[in-house]
Amino acid sequence: MQLLPLAEAIATHVRDGQSVALEGFTHLIPFAAGHEIIRQRRRGLHLIRMTPDILYDQMVGMGCASQLTFSWAGNPGVGSLHRVRDAVEHDWPGPLTLHEFTHAQMAVAYQAGASAMPCAIMRAHAPTDLALLPHPATRQLTCPFSGVALEAVPALNPDVTILHAQQIDAEGNILIRGIVGAAKEAAMAARCLLVTVEEQVERFDAGMNAVVLPAWVVSCASVVPGGAHPSYAHGYYPRDNAFCQAWDDIARERESFLGWMRRHVQGSRDHADLLRSLGVAA
Amino acid sequence: MQLLPLAEAIATHVRDGQSVALEGFTHLIPFAAGHEIIRQRRRGLHLIRMTPDILYDQMVGMGCASQLTFSWAGNPGVGSLHRVRDAVEHDWPGPLTLHEFTHAQMAVAYQAGASAMPCAIMRAHAPTDLALLPHPATRQLTCPFSGVALEAVPALNPDVTILHAQQIDAEGNILIRGIVGAAKEAAMAARCLLVTVEEQVERFDAGMNAVVLPAWVVSCASVVPGGAHPSYAHGYYPRDNAFCQAWDDIARERESFLGWMRRHVQGSRDHADLLRSLGVAA
Amino acid sequence: MSAAPWSGDEIMTVTAARQLADGAVCFVGIGLPSAACNLARQTHAPRLVLIYESGTVGTRPRVLPLSIGDGELAQTATCVVPLPEVFAHYLQRGRIDVGFLGAAQIDRFGNLNSTVIGDYERPRVRLPGAGGAPEIAAHARQVLIVMKQSPRSFVPRLDFRTSVGYLTGAGSRRAAGCPGGGPRAVITDFGILRPHPETEELQLAALYPGVSVAAARAATAWPLQVAAQVEMLAGPEPHELEVLRALDAHTRQAHARPVRIAVPHSGPSPRGLS
Amino acid sequence: MSAAPWSGDEIMTVTAARQLADGAVCFVGIGLPSAACNLARQTHAPRLVLIYESGTVGTRPRVLPLSIGDGELAQTATCVVPLPEVFAHYLQRGRIDVGFLGAAQIDRFGNLNSTVIGDYERPRVRLPGAGGAPEIAAHARQVLIVMKQSPRSFVPRLDFRTSVGYLTGAGSRRAAGCPGGGPRAVITDFGILRPHPETEELQLAALYPGVSVAAARAATAWPLQVAAQVEMLAGPEPHELEVLRALDAHTRQAHARPVRIAVPHSGPSPRGLS
């Protein structure tokens with residue numbers, strides 16, 4: 001485990017054309033890391049995430065991605081991702097190939113990746129048009145004991161998984177508290193695991209059964225206070241729901257989107273600078 | 001969720017001929033519940049557990065079981081289970097049919113059961129004689145994407161799973177702390193879930209990510225202090241390693257075994273009484 | 001309905017809440033379903049168990065969440081489990097009594113589209129996609145659908161079938177191996193549609209005060225069947241409206257609260273090896 | 001060896017400990033492997049990562065556990081994960097550098113039997129069974145086997161193949177699709193056997209002070225091959241013996257400590273509904 005400033009961590013570990021999962025389920029979304037990827041102008045990424053939201057809207061709108069693997073793309077409780085829609089509907093700023101799953105499918109796909117399985121299985125249910133997509137990703141299988149119809153889903157093994165977490169301890173272990181989504185599975189499935197954290201502590205104040213990633217499964221970590229804003233870090237700051245609502249207007253038009261990104265992301269040296277520019281820094 | 005005295009819980013929910021998993025991985029083994037099953041003279045049980053140890057030695061030796069599904073049967077750090085050996089080697093007190101797996105296979109089998117899957121898959125590795133057993137339980141399968149050889153393991157869904165845990169709260173939720181083994185999976189896989197606990201509290205003093213079984217997945221619970229002895233309950237009492245070592249001599253001969261069981265298990269009204277008879281009660 | 005002392009959303013929410021029996025285990029989506037479940041919990045069904053797909057089990061939010069994973073949901077939960085467990089141990093295992101769904105389009109058999117309007121490859125409107133809906137639709141013991149009724153959304157033919165209702169009706173869902181019971185009610189801003197017991201085609205089963213059969217039919221782009229007996233639903237009770245509006249008010253307040261994050265003023269980030 | 005200032009167990013433990021490079025991730029079994037790993041951690045390999053199959057990851061016991069799941073292992077761990085995760089996310093995922101195994105029987109290709117002696121259906125000795133061994137044998141990057149050498153245990157033909165070593169040698173293990181590297185060393189009370197680079201048959205590669213090739217051969221029921229160069233192993237250093245004996249002493253003390261449990265004197269158990 002290497003502890004590096006975020007810009008160096010991204011420069012060292014994220015390359016054009018890789019598959020990159022910035023995971024997080026509403027909670028602990030690694031916004032700072034995604035913004036740094038935008039600043040460093042990565043291209044042709046295959047973005048992976050169960051719930052692409054504002055961060056992927058920004059990354060897609062800024063032209064970082066050519067593919068998206070996902071199960072639900074929206075601004076939770078608000079509405080559409082206008083930039084993702086623009087990419088899908090009008091190829092702006094470029095075409096975006098979609099690999100579309102359900103939540104349950106992505107969950108088992110990450111689990112399979114985390115377990116070095118080539119695929120996962122789940123119960124097959126009545127046919128939906130997801131099975132008719134141009135790149136149908138699931139296949140039918142039969143239980144060799146019961147004859148029950150099963151569905152096989154290919155494993156997800158991102159080149160890089162990026163998470164945000166609350167703490168790193170003196171040994172480099174990572175603590176996640178609260179809603180974890182599929183973060184652990186995405187972490188264990190990755191070829192390279194980057195983590196940003198709110199703070200470094202000597203020792204965690206957490207029980208034995210806490211969600212901890214051992215230092216030696218982490219490739220690189222960076223201390224980035226506020227690194228999940230406008231999502232949240234339980235115990236540190238709440239979700240910026242007002243910002244999430246405001247994003248709908250910002251992202252609706254290409255012009256206003258680009259203006260906002262130039263001013264706040266590209267115009268900021270780092271995440272602290274960005275939070276100051278948003279008036280969020282205390 | 002019903003809160004009942006243990007004797008009533010067992011009388012109500014455990015029937016002759018059922019498949020019963022008293023799970024626990026060295027930690028939190030539901031000894032009190034097992035002893036109550038012995039007192040109530042259940043017969044023909046299909047016992048299930050990854051690591052049958054002293055408790056299953058006692059239950060097999062007392063004639064409760066006709067089948068055993070397991071992956072490792074021994075007295076950890078001490079040696080053989082003499083009563084299980086006697087059943088397998090000499091049909092005493094009756095024949096015992098074995099269904100034998102590896103730890104990894106049982107773990108995924110419980111996971112499958114907990115997920116309503118008819119089977120689980122894992123990577124196939126080089127052939128062992130486990131595949132040649134009289135009742136070979138695993139089947140070969142091929143990954144429909146990669147062609148990789150996989151092994152299918154049938155799901156485990158015990159009629160009854162019995163766990164010991166630290167606490168029950170005012171709503172009937174169950175808290176497990178420390179080593180969990182496959183307890184959660186065995187619980188979720190069960191048709192009926194019985195739990196014994198060290199104590200009832202108003203509210204758990206535990207984090208959001210603690211291992212908790214919601215009241216509504218539990219069929220019945222009983223408050224049984226010391227219910228895991230001679231195994232342990234983290235935060236309450238340690239493993240009685242001296243007893244585990246002494247068991248080797250007690251269980252070696254049929255005579256000494258039956259004498260001990262008569263005196264301490266059948267001769268005790270309940271678990272508190274048993275602990276007193278062992279000189280363990282404080 | 002414009003003269004009524006409640007909004008369309010309010011009567012839909014109250015009507016949805018009334019469908020929930022105390023003690024039921026609900027898989028809750030964000031928005032109106034979340035409001036309905038929490039209204040029910042604070043009125044007639046205090047022991048309702050709410051599971052959000054973020055992994056919060058048995059949650060009791062005091063403030064309605066904006067997202068499925070707000071901190072409030074974790075803070076007030078019996079436990080927070082990893083997301084794969086929610087879908088495997090709870091939903092697929094058949095432990096969910098009621099699943100809530102909404103969509104952009106519904107057909108006469110309660111099949112739903114939340115993927116695209118128009119052609120998949122070059123859609124007119126790209127919608128969020130499947131999320132947890134296909135498995136909720138398949139596995140929940142019963143599904144409640146909440147959608148505003150209009151000819152654009154109640155369509156003869158879906159542009160994309162994301163989640164199954166009764167497929168083509170007449171037992172075809174069960175024959176296809178779906179373990180759950182399918183949509184038992186579609187709650188709209190006109191009333192409630194329920195499946196015909198044999199054909200499984202949705203038919204108008206209940207209406208709100210002051211709403212006509214003709215209006216409900218006009219808002220449906222297929223020839224809407226009408227049940228032999230159309231129930232007249234009572235409007236929201238003052239108590240229900242009060243609780244619901246208080247929930248909404250708390251939520252608006254909470255969501256408007258500015259977020260402040262302590263950020264170090266300068267200095268290099270720590271670095272090192274472990 | 002009776003004249004040596006150490007026991008057979010001690011020199012085996014010290015020799016096993018010396019095989020472990022600092023920082024390696026070890027899947028540890030109970031007994032001698034656990035002693036060896038903790039000896040290594042307290043001497044030359046302070047950053048050794050110990051994983052016990054009970055789910056304790058990165059544990060640092062001060063007292064050697066009697067069982068694989070003693071409280072001490074959980075208390076001192078980086079984290080405690082559910083058992084299915086240990087086997088899936090760590091072992092099957094290929095994150096284990098060194099797996100330790102023992103058995104009742106071993107053959108010349110390092111295949112192991114821990115299931116039965118005699119016929120499976122009516123065994124002479126029923127052994128504990130597979131446990132985690134087959135997957136450790138298959139997936140760990142390398143396997144260290146620790147077994148006392150005798151003609152009863154080092155046999156030409158296993159009564160039951162529980163875990164694979166090199167199968168029938170000469171690349172057959174790799175051909176069968178085993179991802180891990182197989183047994184790199186068999187540490188006995190005579191010395192070390194290692195696989196021949198081509199045939200993969202175990203050959204005598206090292207001996208303890210004062211042990212002869214002839215003695216090692218006499219303790220092996222197949223014609224034991226001998227490496228071109230047989231290394232002479234150094235005996236335990238005083239420092240190593242001191243640490244090991246201190247560990248053992250703490251452990252004996254801890255395990256003899258009587259357990260006392262507070263039990264209510266009488267009164268009915270609580271009952272109720274929730």
# chains A, B, ... in the order shown; residues from 1 in each chain; ligands from 1
$ select_by_dssp --residues "range 143-270 of chain A" --states "strand (DSSP E or B)" --output "MDAnalysis selection string"
chainID A and resid 149:154 160:168 174:176 192:200 211:213 220:223 232:233 237
$ write_last_selection --atoms "N, CA, C and O atoms" --output "short mmCIF file (atom, residue, chain, number, x, y, z; two decimals), in the first residue's frame"
data_model
loop_
_atom_site.label_atom_id
_atom_site.label_comp_id
_atom_site.auth_asym_id
_atom_site.auth_seq_id
_atom_site.Cartn_x
_atom_site.Cartn_y
_atom_site.Cartn_z
N ALA A 149 -34.05 -23.54 -14.09
CA ALA A 149 -33.41 -22.62 -15.03
C ALA A 149 -32.62 -21.56 -14.28
O ALA A 149 -33.13 -20.92 -13.37
N LEU A 150 -31.37 -21.39 -14.65
CA LEU A 150 -30.51 -20.40 -14.02
C LEU A 150 -30.01 -19.43 -15.07
O LEU A 150 -30.05 -19.69 -16.26
N GLU A 151 -29.54 -18.29 -14.59
CA GLU A 151 -28.99 -17.28 -15.47
C GLU A 151 -27.53 -17.08 -15.08
O GLU A 151 -27.23 -16.89 -13.90
N ALA A 152 -26.63 -17.16 -16.04
CA ALA A 152 -25.22 -16.92 -15.77
C ALA A 152 -24.87 -15.49 -16.15
O ALA A 152 -25.32 -14.99 -17.19
N VAL A 153 -24.10 -14.83 -15.31
CA VAL A 153 -23.68 -13.44 -15.54
C VAL A 153 -22.16 -13.44 -15.53
O VAL A 153 -21.56 -14.01 -14.62
N PRO A 154 -21.53 -12.82 -16.53
CA PRO A 154 -20.06 -12.85 -16.53
C PRO A 154 -19.48 -12.02 -15.38
O PRO A 154 -20.04 -10.99 -15.00
N VAL A 160 -9.22 -1.10 -12.58
CA VAL A 160 -9.03 -0.27 -11.39
C VAL A 160 -10.39 -0.08 -10.71
O VAL A 160 -11.36 0.27 -11.37
N THR A 161 -10.44 -0.33 -9.41
CA THR A 161 -11.60 0.08 -8.63
C THR A 161 -11.17 1.24 -7.74
O THR A 161 -10.07 1.22 -7.17
N ILE A 162 -12.01 2.25 -7.67
CA ILE A 162 -11.72 3.40 -6.81
C ILE A 162 -12.86 3.56 -5.82
O ILE A 162 -14.02 3.60 -6.21
N LEU A 163 -12.51 3.61 -4.54
CA LEU A 163 -13.50 3.80 -3.48
C LEU A 163 -13.14 5.03 -2.65
O LEU A 163 -11.98 5.42 -2.58
N HIS A 164 -14.16 5.59 -2.01
CA HIS A 164 -13.91 6.55 -0.94
C HIS A 164 -14.32 5.88 0.36
O HIS A 164 -15.30 5.14 0.40
N ALA A 165 -13.55 6.12 1.44
CA ALA A 165 -13.84 5.48 2.72
C ALA A 165 -13.61 6.51 3.82
O ALA A 165 -13.09 7.60 3.58
N GLN A 166 -13.99 6.15 5.03
CA GLN A 166 -13.84 7.11 6.12
C GLN A 166 -12.39 7.26 6.58
O GLN A 166 -11.89 8.36 6.71
N GLN A 167 -11.72 6.14 6.84
CA GLN A 167 -10.43 6.23 7.51
C GLN A 167 -9.40 5.24 6.98
O GLN A 167 -9.73 4.17 6.50
N ILE A 168 -8.14 5.65 7.13
CA ILE A 168 -7.01 4.74 6.94
C ILE A 168 -6.27 4.75 8.28
O ILE A 168 -6.16 5.79 8.93
N ILE A 174 -8.15 0.07 5.67
CA ILE A 174 -9.20 1.02 5.30
C ILE A 174 -10.50 0.65 6.00
O ILE A 174 -10.93 -0.50 5.96
N LEU A 175 -11.14 1.64 6.61
CA LEU A 175 -12.42 1.42 7.30
C LEU A 175 -13.58 2.07 6.54
O LEU A 175 -13.51 3.25 6.19
N ILE A 176 -14.62 1.28 6.30
CA ILE A 176 -15.86 1.79 5.70
C ILE A 176 -16.98 1.60 6.71
O ILE A 176 -17.16 0.50 7.24
N CYS A 192 -6.43 -3.45 -9.56
CA CYS A 192 -5.73 -2.39 -8.83
C CYS A 192 -6.78 -1.65 -8.02
O CYS A 192 -7.84 -1.31 -8.54
N LEU A 193 -6.51 -1.43 -6.75
CA LEU A 193 -7.49 -0.80 -5.87
C LEU A 193 -6.96 0.51 -5.32
O LEU A 193 -5.94 0.53 -4.62
N LEU A 194 -7.63 1.61 -5.67
CA LEU A 194 -7.29 2.93 -5.14
C LEU A 194 -8.38 3.34 -4.16
O LEU A 194 -9.55 3.12 -4.41
N VAL A 195 -7.95 3.98 -3.08
CA VAL A 195 -8.92 4.43 -2.09
C VAL A 195 -8.59 5.86 -1.67
O VAL A 195 -7.43 6.19 -1.44
N THR A 196 -9.61 6.70 -1.60
CA THR A 196 -9.45 8.00 -0.94
C THR A 196 -10.17 7.91 0.40
O THR A 196 -11.15 7.19 0.54
N VAL A 197 -9.65 8.63 1.39
CA VAL A 197 -10.24 8.56 2.73
C VAL A 197 -10.40 9.96 3.30
O VAL A 197 -9.69 10.90 2.91
N GLU A 198 -11.30 10.06 4.27
CA GLU A 198 -11.51 11.33 4.96
C GLU A 198 -10.30 11.71 5.81
O GLU A 198 -9.88 12.85 5.82
N GLU A 199 -9.76 10.72 6.55
CA GLU A 199 -8.63 11.05 7.41
C GLU A 199 -7.81 9.83 7.77
O GLU A 199 -8.26 8.70 7.64
N GLN A 200 -6.59 10.12 8.22
CA GLN A 200 -5.74 9.05 8.71
C GLN A 200 -5.78 9.07 10.24
O GLN A 200 -5.72 10.12 10.86
N VAL A 211 -16.39 -3.23 8.55
CA VAL A 211 -15.98 -3.44 7.17
C VAL A 211 -14.60 -2.82 6.97
O VAL A 211 -14.46 -1.59 6.92
N VAL A 212 -13.59 -3.66 6.90
CA VAL A 212 -12.22 -3.19 6.78
C VAL A 212 -11.57 -3.87 5.58
O VAL A 212 -11.74 -5.08 5.39
N LEU A 213 -10.85 -3.09 4.78
CA LEU A 213 -10.04 -3.67 3.71
C LEU A 213 -8.60 -3.68 4.20
O LEU A 213 -8.04 -2.61 4.49
N CYS A 220 -3.13 1.70 -3.50
CA CYS A 220 -2.72 3.07 -3.25
C CYS A 220 -3.86 3.82 -2.57
O CYS A 220 -5.02 3.62 -2.91
N ALA A 221 -3.52 4.65 -1.59
CA ALA A 221 -4.53 5.43 -0.89
C ALA A 221 -4.14 6.90 -0.86
O ALA A 221 -2.95 7.24 -0.93
N SER A 222 -5.12 7.77 -0.75
CA SER A 222 -4.90 9.22 -0.65
C SER A 222 -5.84 9.79 0.39
O SER A 222 -7.01 9.41 0.44
N VAL A 223 -5.32 10.70 1.20
CA VAL A 223 -6.17 11.37 2.18
C VAL A 223 -6.80 12.59 1.51
O VAL A 223 -6.08 13.50 1.08
N TYR A 232 -21.92 11.62 0.45
CA TYR A 232 -21.60 11.86 1.84
C TYR A 232 -20.68 10.80 2.43
O TYR A 232 -20.43 9.76 1.81
N ALA A 233 -20.14 11.12 3.58
CA ALA A 233 -19.29 10.19 4.31
C ALA A 233 -19.88 10.11 5.71
O ALA A 233 -19.77 11.05 6.50
N TYR A 237 -19.90 14.13 7.05
CA TYR A 237 -20.79 15.17 6.53
C TYR A 237 -21.94 14.51 5.79
O TYR A 237 -21.80 13.38 5.31
#
$ interface_residues --of "chain A" --to "chain C" --cutoff "7 Å" --atoms "only C-alpha atoms" --output "JSON, numbers by chain"
{"A": [1, 2, 3, 4, 5, 25, 26, 27, 71, 72, 73, 74, 76, 77, 80, 85, 89, 102, 103, 104, 107, 108, 125, 126, 128, 129, 130, 171, 172, 178, 179, 180, 181, 182, 223, 225, 226, 234, 237, 238, 239, 240, 241, 242, 272, 280, 281, 282]}
$ atom_distance --atom1 "CA of Met261 in chain A" --atom2 "CA of Pro30 in chain A"
16.7 Å
$ residues_around --residues "Gly171 in chain C" --least-positions-apart "5" --cutoff "8 Å" --atoms "only C-alpha atoms" --output "compact mmCIF listing (two decimals) with N, CA, C and O atoms, in the first residue's frame"
# COMPACT_ATOMS: atom_id res chain seq x y z
N TYR C 166 -47.69 -9.52 -15.70
CA TYR C 166 -48.28 -10.82 -16.02
C TYR C 166 -47.96 -11.26 -17.45
O TYR C 166 -48.68 -12.07 -18.01
N GLU C 198 -58.76 -14.11 -13.93
CA GLU C 198 -58.39 -15.13 -14.92
C GLU C 198 -57.48 -14.60 -16.03
O GLU C 198 -56.41 -15.12 -16.26
N THR C 199 -57.92 -13.53 -16.68
CA THR C 199 -57.13 -13.04 -17.81
C THR C 199 -55.86 -12.33 -17.32
O THR C 199 -54.90 -12.21 -18.06
N GLU C 200 -55.87 -11.89 -16.09
CA GLU C 200 -54.77 -11.11 -15.51
C GLU C 200 -54.56 -9.76 -16.22
O GLU C 200 -53.53 -9.13 -16.06
$ select_by_dssp --residues "range 28-154 of chain D" --states "helix (DSSP H, G or I)" --output "NGL selection string"
:D and (32-42 or 71-75 or 83-92 or 133-139)
$ interface_residues --of "chain B" --to "chain A" --cutoff "10 Å" --atoms "only C-alpha atoms" --output "JSON, numbers by chain"
{"B": [112, 115, 116, 117, 118, 119, 120, 121, 122, 123, 137, 138, 139, 140, 141, 142, 143, 144, 145, 146, 147, 148, 149, 150, 152, 153, 154, 155, 176, 177, 178, 179, 180, 206, 207, 208, 209, 210, 211]}
$ atom_distance --atom1 "CA of Cys37 in chain C" --atom2 "CA of Met232 in chain C"
22.4 Å
$ atom_distance --atom1 "CA of Leu22 in chain B" --atom2 "CA of Gly94 in chain C"
23.2 Å
$ closest_residue --among "C:Pro209, C:Gly23, C:Asp119, C:Thr15" --to "chain D" --atoms "only C-alpha atoms"
C:Gly23
$ closest_residue --among "D:Ala234, D:Glu242, D:Arg18, D:Arg47" --to "chain C" --atoms "only C-alpha atoms"
D:Arg47
$ residues_around --residues "Ala32 in chain A" --least-positions-apart "6" --cutoff "7 Å" --atoms "only C-alpha atoms" --output "VMD selection string"
chain A and resid 227 to 228 271
$ write_last_selection --atoms "N, CA, C and O atoms" --output "PDB file, in the first residue's frame"
ATOM      1  N   GLY A 227     -13.805  14.134   0.209  1.00  0.00           N
ATOM      2  CA  GLY A 227     -13.630  13.517  -1.104  1.00  0.00           C
ATOM      3  C   GLY A 227     -14.881  12.885  -1.694  1.00  0.00           C
ATOM      4  O   GLY A 227     -14.892  12.531  -2.865  1.00  0.00           O
ATOM      5  N   ALA A 228     -15.934  12.750  -0.902  1.00  0.00           N
ATOM      6  CA  ALA A 228     -17.172  12.163  -1.425  1.00  0.00           C
ATOM      7  C   ALA A 228     -18.222  13.221  -1.756  1.00  0.00           C
ATOM      8  O   ALA A 228     -19.264  12.905  -2.315  1.00  0.00           O
ATOM      9  N   HIS A 271      -9.098  19.027  -4.672  1.00  0.00           N
ATOM     10  CA  HIS A 271     -10.452  18.904  -4.162  1.00  0.00           C
ATOM     11  C   HIS A 271     -10.772  19.965  -3.109  1.00  0.00           C
ATOM     12  O   HIS A 271     -11.901  20.489  -3.071  1.00  0.00           O
TER      13      HIS A 271
END
$ residues_around --residues "Glu237 in chain C" --least-positions-apart "3" --cutoff "12 Å" --atoms "only C-alpha atoms" --output "ChimeraX atom specification"
/C:5-6,10-11,14-15,18,43,233-234,240-244
$ write_last_selection --atoms "N, CA and C atoms" --output "short mmCIF file (atom, residue, chain, number, x, y, z; two decimals), in the first residue's frame"
data_model
loop_
_atom_site.label_atom_id
_atom_site.label_comp_id
_atom_site.auth_asym_id
_atom_site.auth_seq_id
_atom_site.Cartn_x
_atom_site.Cartn_y
_atom_site.Cartn_z
N PRO C 5 -59.14 19.01 -1.39
CA PRO C 5 -58.19 19.60 -0.44
C PRO C 5 -56.91 18.77 -0.33
N TRP C 6 -56.57 18.08 -1.42
CA TRP C 6 -55.30 17.32 -1.44
C TRP C 6 -54.81 17.29 -2.88
N GLU C 10 -50.71 13.39 -3.17
CA GLU C 10 -51.13 13.06 -1.81
C GLU C 10 -52.13 11.92 -1.77
N ILE C 11 -53.14 11.97 -2.64
CA ILE C 11 -54.13 10.89 -2.58
C ILE C 11 -53.52 9.56 -3.06
N VAL C 14 -51.46 8.31 -0.03
CA VAL C 14 -52.33 7.79 1.04
C VAL C 14 -52.94 6.45 0.60
N THR C 15 -53.37 6.37 -0.65
CA THR C 15 -53.97 5.13 -1.14
C THR C 15 -52.96 4.00 -1.14
N ARG C 18 -52.38 2.74 2.37
CA ARG C 18 -53.47 1.90 2.89
C ARG C 18 -53.41 0.46 2.40
N THR C 43 -48.82 5.64 10.75
CA THR C 43 -50.26 5.63 11.02
C THR C 43 -50.71 4.21 11.41
N LEU C 233 -63.22 4.93 -3.51
CA LEU C 233 -62.21 5.08 -2.45
C LEU C 233 -62.49 6.33 -1.62
N ALA C 234 -62.25 6.22 -0.34
CA ALA C 234 -62.34 7.40 0.51
C ALA C 234 -61.11 8.28 0.28
N GLU C 240 -54.11 11.55 8.13
CA GLU C 240 -53.13 11.06 7.16
C GLU C 240 -52.43 12.22 6.46
N LEU C 241 -53.22 13.21 6.08
CA LEU C 241 -52.62 14.38 5.40
C LEU C 241 -51.65 15.10 6.31
N GLU C 242 -52.03 15.16 7.57
CA GLU C 242 -51.18 15.87 8.54
C GLU C 242 -49.81 15.18 8.66
N VAL C 243 -49.85 13.86 8.83
CA VAL C 243 -48.60 13.11 8.97
C VAL C 243 -47.77 13.23 7.69
N LEU C 244 -48.44 13.07 6.56
CA LEU C 244 -47.72 13.13 5.29
C LEU C 244 -47.09 14.50 5.07
#
$ residues_around --residues "Val57 in chain D" --least-positions-apart "3" --cutoff "7 Å" --atoms "only C-alpha atoms" --output "VMD selection string"
chain D and resid 50 to 52 77 to 80
$ write_last_selection --atoms "all heavy atoms" --output "mmCIF file, in the first residue's frame"
data_model
loop_
_atom_site.group_PDB
_atom_site.id
_atom_site.type_symbol
_atom_site.label_atom_id
_atom_site.label_comp_id
_atom_site.auth_asym_id
_atom_site.auth_seq_id
_atom_site.Cartn_x
_atom_site.Cartn_y
_atom_site.Cartn_z
ATOM 1 N N LEU D 50 -1.310 -13.243 8.773
ATOM 2 C CA LEU D 50 -1.864 -14.559 9.107
ATOM 3 C C LEU D 50 -3.383 -14.561 8.948
ATOM 4 O O LEU D 50 -4.078 -13.714 9.504
ATOM 5 C CB LEU D 50 -1.516 -14.940 10.545
ATOM 6 C CG LEU D 50 -0.041 -14.888 10.924
ATOM 7 C CD1 LEU D 50 0.181 -15.559 12.276
ATOM 8 C CD2 LEU D 50 0.830 -15.559 9.866
ATOM 9 N N ILE D 51 -3.862 -15.507 8.182
ATOM 10 C CA ILE D 51 -5.305 -15.694 8.002
ATOM 11 C C ILE D 51 -5.672 -17.086 8.490
ATOM 12 O O ILE D 51 -5.080 -18.069 8.053
ATOM 13 C CB ILE D 51 -5.707 -15.528 6.521
ATOM 14 C CG1 ILE D 51 -5.313 -14.135 6.023
ATOM 15 C CG2 ILE D 51 -7.187 -15.782 6.323
ATOM 16 C CD1 ILE D 51 -5.765 -13.827 4.620
ATOM 17 N N TYR D 52 -6.597 -17.158 9.438
ATOM 18 C CA TYR D 52 -7.120 -18.451 9.891
ATOM 19 C C TYR D 52 -8.471 -18.648 9.226
ATOM 20 O O TYR D 52 -9.199 -17.683 8.979
ATOM 21 C CB TYR D 52 -7.260 -18.468 11.418
ATOM 22 C CG TYR D 52 -5.931 -18.509 12.150
ATOM 23 C CD1 TYR D 52 -5.126 -17.386 12.224
ATOM 24 C CD2 TYR D 52 -5.488 -19.667 12.772
ATOM 25 C CE1 TYR D 52 -3.904 -17.407 12.892
ATOM 26 C CE2 TYR D 52 -4.266 -19.703 13.447
ATOM 27 C CZ TYR D 52 -3.478 -18.580 13.504
ATOM 28 O OH TYR D 52 -2.277 -18.603 14.160
ATOM 29 N N ALA D 77 -7.207 -9.316 15.301
ATOM 30 C CA ALA D 77 -7.234 -9.329 13.835
ATOM 31 C C ALA D 77 -7.436 -7.940 13.253
ATOM 32 O O ALA D 77 -7.998 -7.057 13.892
ATOM 33 C CB ALA D 77 -8.352 -10.254 13.351
ATOM 34 N N THR D 78 -6.978 -7.751 12.036
ATOM 35 C CA THR D 78 -7.324 -6.537 11.276
ATOM 36 C C THR D 78 -8.827 -6.501 11.044
ATOM 37 O O THR D 78 -9.456 -5.465 11.170
ATOM 38 C CB THR D 78 -6.597 -6.545 9.913
ATOM 39 O OG1 THR D 78 -5.190 -6.608 10.145
ATOM 40 C CG2 THR D 78 -6.925 -5.302 9.109
ATOM 41 N N CYS D 79 -9.375 -7.638 10.703
ATOM 42 C CA CYS D 79 -10.831 -7.733 10.559
ATOM 43 C C CYS D 79 -11.253 -9.192 10.631
ATOM 44 O O CYS D 79 -10.444 -10.091 10.413
ATOM 45 C CB CYS D 79 -11.314 -7.106 9.251
ATOM 46 S SG CYS D 79 -10.538 -7.759 7.768
ATOM 47 N N VAL D 80 -12.502 -9.387 10.973
ATOM 48 C CA VAL D 80 -13.082 -10.724 11.010
ATOM 49 C C VAL D 80 -14.147 -10.772 9.919
ATOM 50 O O VAL D 80 -15.095 -9.992 9.950
ATOM 51 C CB VAL D 80 -13.727 -11.003 12.382
ATOM 52 C CG1 VAL D 80 -14.390 -12.375 12.396
ATOM 53 C CG2 VAL D 80 -12.678 -10.906 13.492
#
$ residues_around --residues "Leu32 in chain D" --least-positions-apart "4" --cutoff "10 Å" --atoms "only C-alpha atoms" --output "list in words"
Asp9, Glu10, Met12, Thr13, Val14, Ala16, Ala17, Val28, Ala36, Cys37, Asn38, Leu64, Phe100, Leu101, Gly102, Val146 and Met147 of chain D
$ closest_residue --among "D:Leu247, D:Val186, D:Ile117, D:Ala216" --to "Arg152 in chain D" --atoms "only C-alpha atoms"
D:Ile117
